[in-house]
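Colleague: Below is a structure I'd like to ask you about.
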Amino acid sequence: MKKIKYLIFSIIALFCFALGAAAQPYPVSKNMQKAIKNGTRTLHGVPGKNYWQNHADYKISVKFDPDSALVSGIAEIAYYNESPDTLNYLVFNLYQDVFRKGNSRNWDIGNVDLHDGTQINSIKIGDQSIIESDKKWSRQGTKLLLKLDQALMPSSQIQLSIDWKVKIAEQISIRMGKYSDSSFFIAYWYPQVAVYDDIDGWDRINYGGSVEFYNDINLFDVTIEVPQNWVVWATGELQNKSEIFTPSVIERIELASQSDSIVGIISQSDYLNNKVFENDDQSLSYHFKAESVPDFSFAAAIGFNWDASRLLVNSRLDKAVFISAVYPDQALSGRKVALYSRQSIDYMSRFEPGLPFPYPYMTTFLNGRRGGGMETPMIANNGDPESPAQAFGLTFHEISHSYMPFYMGINEKKYAWMDEGWASIWPQVMVDSLFPDYGYLARLVAGYENASGYENDIPPMIPNHLLSTDYSSLRLASYTRPSLAYAFLQDALGPATFKEALHYYMVNWAGKHPLPLDFFRAMEVASGEDLGWFIKPWFYQNAYPELALLKVTDDNQVVVENLGGLPLPVCLTVIYEDGRQQTVCESTAVWKDNFSQHIVKFETERKISEVWLGNELIPDSSRENNHIIVGD
């Protein structure tokens, strides 16, 4: 039924926007215009009939040595060129080359953790072996460019084998690395074919440490060898648990996979009584498989606890998620994170965004630090905040990235607001319900109003990698401003219409690479609304939040001015001369006619003596003009 409804939306869109190119309210870049001409994109919020997307199958065998923090292995890659283009070279991401001597970074790290970069021992294309002295490959920042003797034709594939090793950072953990002698989180660690898409061709944006990632949707088959006593958790499903763990641990894994209650799979007593590992081999090899994911990460630790449970997220399809929490015994929130994860995934699956959780596994790894967190597919690397509200919010935030950017294939390097904004606003209802004294939304609003309107309040549509040298601008444009934009767009459309439009966008673009214009148009098509009045000031312009009281007329009409240009809800509290108080709140939609003023009419039977504008949930960069005493 939902697919039929979205097909109807698409037919309506084709009709409504048949003449829309001339009336297009948003800037359309030349590369987007080319994609529309080629039929890979449309102005209707859906992919074009000629949309294509490349992908890869990775089979990786890797050895991780915690003592030297060295990862070494062989990656066998089948890369599929689904594009209509002939590729004369391939581009790879070598993200850990952010620590390569001489490479540029977004901040100074001194001489700490610097190395000679990812060491490529050899590359094999088919049966042909290539070494660095052959000069078939070159490095540019965190990229490796590989020339092909035989071009990769459209609708064909190429087989590669790369033998490499790389040192993992031990002191500076940029989203991953060493957290203690007995715990590591390893991400962005293997030679990864960069995205080749219909907008930019090869992704040539280097990783400087601040902006994040952009990946195709791939298949992974990964074997990770670690020393004795190390447990590994990773993206995907463990294939050989019977070779690793004792029957009692396996029994608990099976119990947790059937249970709505949280099961302790590995505890401290299991380690003390040697009841974790089946054998006392000098090394252990963990074999994982994952399908339809943009990346692969793993955590390795000694002595960490492991709790897990099963959550049904789609009863009709019997679709469930195996939810794990992994943490050191001294973690403050460790024993609660398994529950926090269940509550978060349940809420996301049923309410916001309201689509079943997209992956069968989700692990939250607590690294032992106090703050910070980082999402990767099916496994998050989190700190352990002292505040329970912050711990819950962090757990929710990082898990929510399973939808955006992973499920949706978003380009975080250019438009992180397309995922970070959602991850910042979705936790709000749960955090403010479970921890009402914390004030999640009020904190978000206060943070934005204090920073908004200055020169570094850059519109989100400026690509992230161009903001990377000023992290405050990057943070404001990627997290704070878009999170509130989503909240107030929901206010303008109403929750039901907003969710319907969001689902239309997500269903049509799941597993693909949507751009901002794809999102904007999808929301307009599905809602039946022209949203330029909202989208342009929030995402394209240097507008900021400032509403002001202009005057109160003799017949009790209160005139509100929008001085900053951002559409916001209007909440007024009036006090009448007889002491009676009345509050009226009107939605963000009052600004849809693009007027700079809005009039709210109050009853005329009694006289207004005083008016207050706004509240703590509506940002306002200057509240000095939010109060009028009538007659002064």
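Chains: A, B, ... in order of the structure tokens. Residues: from 1 per chain. Ligands: from 1, in order shown.
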With a distance cut-off of 12 Å and only C-alpha atoms, select the neighbouring residues of Gly126 (chain A), excluding the residue or stretch itself and same-chain residues fewer than 4 positions from it, and output the selection as a list in words.
Modeller: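 Those residues are Glu76, Ile77, Ala78, Tyr79, Ile130, Leu148, Asp149, Gln150, Gln157, Ile158, Gln159, Leu160, Ser161 and Ile162 of chain A.
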Colleague: Write out as number ranges by chain each polymer residue whose atoms come within 8 Å of Val112 (chain A), counting only C-alpha atoms; drop sequence neighbours fewer than 2 positions from it.
Modeller: A: 109-110, 114, 171-172
Colleague: Those same residues, written as a short mmCIF file (atom, residue, chain, number, x, y, z; two decimals), in the first residue's frame with N, CA and C atoms?
Modeller:
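The resulting again17.cif:
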data_model
loop_
_atom_site.label_atom_id
_atom_site.label_comp_id
_atom_site.auth_asym_id
_atom_site.auth_seq_id
_atom_site.Cartn_x
_atom_site.Cartn_y
_atom_site.Cartn_z
N ILE A 109 48.59 18.77 15.29
CA ILE A 109 48.75 17.69 16.26
C ILE A 109 50.21 17.53 16.70
N GLY A 110 51.04 18.47 16.31
CA GLY A 110 52.45 18.36 16.68
C GLY A 110 53.09 17.18 15.99
N LEU A 114 52.52 10.66 14.27
CA LEU A 114 52.83 10.77 12.85
C LEU A 114 53.58 9.53 12.36
N GLN A 171 47.84 7.92 20.67
CA GLN A 171 47.66 9.05 21.59
C GLN A 171 46.55 9.99 21.16
N ILE A 172 46.40 10.20 19.86
CA ILE A 172 45.37 11.10 19.35
C ILE A 172 44.29 10.24 18.70
#
Colleague: Fewer than 3 positions away in the same chain doesn't count, so skip those; otherwise give me all residues within 9 Å of Val574 (chain A), counting only C-alpha atoms, as a list in words.
Modeller: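 Counting only the stated atoms, we get Arg580, Gln581, Gln582, Thr583, Val584, Phe602, Ile608, Ser609, Glu610, Val611, Trp612 and Leu613 of chain A.
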Colleague: Using only C-alpha atoms, which residues sit within 12 Å of region 535-538 of chain A once same-chain residues fewer than 5 positions away are excluded, as JSON, numbers by chain?
Modeller: {"A": [25, 26, 27, 417, 452, 457, 458, 459, 460, 461, 477, 480, 481, 482, 483, 484, 485, 486, 487, 488, 489, 492, 516, 517, 519, 520, 521, 523, 524, 529, 530, 543, 544, 545, 562, 564, 565, 566, 567, 568, 591, 592, 594]}
Colleague: DSSP on the backbone: what in region 171-357 of chain A comes out helix (DSSP H, G or I), as number ranges by chain?
Modeller: A: 241-244, 247-256, 268-272, 334-350
Colleague: Tell me which of A:Val570, A:Ala522, A:Ala423, A:Leu550 sits closest to Thr42 (chain A), counting only C-alpha atoms.
Modeller: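 Checking each of A:Val570, A:Ala522, A:Ala423, A:Leu550 against Thr42 (chain A), counting only C-alpha atoms, the winner is A:Ala522.
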Colleague: Would you please work out which residue, of A:Asp593, A:Met506, A:Asn625, A:Ser182, is nearest to Glu561 (chain A) when using only C-alpha atoms?
Modeller: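 Answer, going by the shortest atom-to-atom distance: A:Asn625.
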